[in-house]
Amino acid sequence: MSDKGAGNHSDVTGFILVGFRVRPDMMAIIVTDSQLNTPMYFFLGNLSFIDLSYSTVIAPQAMVNFLSEKKTVSFVGCAAQLFFFTFFIVTEGFILAAMAYDRFIAICNPLLYSVHMSRRLCSQLVAGSYLCGWLSSILQVSITFSVSFCASRVIDHFYCDSYQIEKISCSNLSVNKMVSLSLAAFIILPTIVVIVVSYMYIVTTVLKIPSREGRKKAFSTCSSHLGVVSLLYGTVSFVYLTPPSNPELRKVASVFYILVTPMLNPLIYSLRNKDVKQALGKILWNKKALY
């Protein structure tokens, strides 16, 4: 890598963020209610945990910077934030792909659902999702912080975004771009393909159901998942398709998939799901009885 006269990254002790919560109730409901011990809710419990985690990685530091005149974050803190954010956001993509596969089996092969979606397979899918997230975060953080930095330490964002960090680098970023493209090709693209193909089969199967009520009932079982997928991938796509010349718009869009989307996901699932609403009502009734 070429250096333009700047000090090595080891000399950097911190960065300056220019700047600009999620309730764990869903996760608690799924864990405590025996009626929700199914593959779909097993995935949903992990999704709730991930939503809570990756927004928590960003939100506290963002709030501190918003309310404080001192908008700094340490070098280690910045690397840790990028690591955990990448870990959870990539894991979420794989969890959503696993949920799409679950809906595909439930609608297209309902008689074999319990055979295909065994507890062992569900555990393997979730473990694999976390493993892919961990590998992606290791690669992303290693390549991002292997560069040399210029005199400026100002990251034009409210969190440690890899793109903005690389903008203040003085090194040749060809390897960084190659790694980013590889991650997109081997990590992000497969999850999108699984989701799209699963829903192609789901739509084809549902349209073959003769009764209108049957089609409506079948679609309702995957409408919440489809809403969450659309919300996440829609906002992420908007962020990365926004021109770099408009950083403020990118920040506003980032708020939606980092902070707003994790708060909406539990609402989307709970308000459109009879089982979750019944479980929530049971918990609230028990709390009321205690008082």
# chains A, B, ... in the order shown; residues from 1 in each chain; ligands from 1
call {"tool": "residues_around", "arguments": {"residues": "Ser198 of chain A", "least_positions_apart": "4", "cutoff": "8 Å", "atoms": "only C-alpha atoms", "output": "MDAnalysis selection string"}}
result
chainID A and resid 100:101 103:104 194 202
call {"tool": "residues_around", "arguments": {"residues": "segment 204-217 of chain A", "least_positions_apart": "6", "cutoff": "10 Å", "atoms": "only C-alpha atoms", "output": "number ranges by chain"}}
result
A: 104, 107-109
call {"tool": "atom_distance", "arguments": {"atom1": "atom CA of Ile192 of chain A", "atom2": "atom CA of Val252 of chain A"}}
result
24.2 Å
call {"tool": "atom_distance", "arguments": {"atom1": "atom CA of Gln164 of chain A", "atom2": "atom CA of Leu52 of chain A"}}
result
24.3 Å
call {"tool": "atom_distance", "arguments": {"atom1": "atom CA of Ser53 of chain A", "atom2": "atom CA of Phe88 of chain A"}}
result
7.2 Å
call {"tool": "residues_around", "arguments": {"residues": "Thr261 of chain A", "least_positions_apart": "5", "cutoff": "9 Å", "atoms": "only C-alpha atoms", "output": "ChimeraX atom specification"}}
result
/A:51,228,231-232,235,255-256
call {"tool": "residues_around", "arguments": {"residues": "Leu173 of chain A", "least_positions_apart": "2", "cutoff": "12 Å", "atoms": "only C-alpha atoms", "output": "ChimeraX atom specification"}}
result
/A:1-3,143-149,162-163,165-171,175-180
call {"tool": "closest_residue", "arguments": {"among": "A:Asn172, A:Asn46, A:Thr72, A:Ser55", "to": "Leu259 of chain A", "atoms": "only C-alpha atoms"}}
result
A:Ser55
call {"tool": "closest_residue", "arguments": {"among": "A:Ser182, A:Tyr199, A:Asp161, A:Tyr233", "to": "Pro247 of chain A", "atoms": "only C-alpha atoms"}}
result
A:Asp161
call {"tool": "select_by_dssp", "arguments": {"residues": "segment 33-252 of chain A", "states": "strand (DSSP E or B)", "output": "list in words"}}
result
Thr72, Val73, Ser74, Phe149, Val154, Ile155 and Ser169 of chain A
call {"tool": "write_last_selection", "arguments": {"atoms": "all heavy atoms", "output": "compact mmCIF listing (two decimals), in the first residue's frame"}}
result
# COMPACT_ATOMS: atom_id res chain seq x y z
N THR A 72 -15.91 12.70 20.22
CA THR A 72 -14.79 11.81 19.93
C THR A 72 -15.11 10.37 20.29
O THR A 72 -15.95 10.10 21.15
CB THR A 72 -13.54 12.25 20.71
OG1 THR A 72 -13.82 12.23 22.12
CG2 THR A 72 -13.10 13.64 20.28
N VAL A 73 -14.41 9.47 19.64
CA VAL A 73 -14.48 8.05 19.95
C VAL A 73 -13.06 7.50 19.80
O VAL A 73 -12.33 7.89 18.88
CB VAL A 73 -15.46 7.31 19.01
CG1 VAL A 73 -15.06 7.45 17.55
CG2 VAL A 73 -15.59 5.83 19.39
N SER A 74 -12.65 6.65 20.70
CA SER A 74 -11.29 6.11 20.65
C SER A 74 -11.10 5.20 19.44
O SER A 74 -12.07 4.70 18.86
CB SER A 74 -10.98 5.33 21.93
OG SER A 74 -11.77 4.14 21.99
N PHE A 149 -3.70 6.72 7.96
CA PHE A 149 -4.64 7.84 7.98
C PHE A 149 -3.94 9.17 7.75
O PHE A 149 -2.79 9.36 8.15
CB PHE A 149 -5.41 7.86 9.31
CG PHE A 149 -6.32 6.68 9.49
CD1 PHE A 149 -5.91 5.61 10.28
CD2 PHE A 149 -7.54 6.63 8.87
CE1 PHE A 149 -6.73 4.50 10.45
CE2 PHE A 149 -8.36 5.51 9.02
CZ PHE A 149 -7.97 4.46 9.81
N VAL A 154 -11.57 13.34 11.21
CA VAL A 154 -13.00 13.62 11.25
C VAL A 154 -13.77 12.63 10.38
O VAL A 154 -13.58 12.59 9.16
CB VAL A 154 -13.30 15.06 10.79
CG1 VAL A 154 -14.81 15.31 10.79
CG2 VAL A 154 -12.61 16.06 11.71
N ILE A 155 -14.62 11.83 10.98
CA ILE A 155 -15.49 10.89 10.27
C ILE A 155 -16.84 11.56 10.09
O ILE A 155 -17.53 11.87 11.08
CB ILE A 155 -15.65 9.57 11.07
CG1 ILE A 155 -14.29 8.90 11.26
CG2 ILE A 155 -16.62 8.64 10.36
CD1 ILE A 155 -14.34 7.68 12.16
N SER A 169 -8.39 8.05 4.70
CA SER A 169 -7.16 7.27 4.58
C SER A 169 -6.26 7.84 3.49
O SER A 169 -6.71 8.44 2.53
CB SER A 169 -7.50 5.82 4.25
OG SER A 169 -6.36 5.13 3.82
call {"tool": "select_by_dssp", "arguments": {"residues": "segment 129-243 of chain A", "states": "helix (DSSP H, G or I)", "output": "number ranges by chain"}}
result
A: 129-144, 162-167, 174-207, 212-241
call {"tool": "closest_residue", "arguments": {"among": "A:Leu96, A:Tyr41, A:Leu112, A:Phe85", "to": "Tyr159 of chain A", "atoms": "only C-alpha atoms"}}
result
A:Phe85
call {"tool": "residues_around", "arguments": {"residues": "Phe84 of chain A", "least_positions_apart": "5", "cutoff": "10 Å", "atoms": "only C-alpha atoms", "output": "ChimeraX atom specification"}}
result
/A:53-54,56-58,79,89-90,133-134,137-138,141
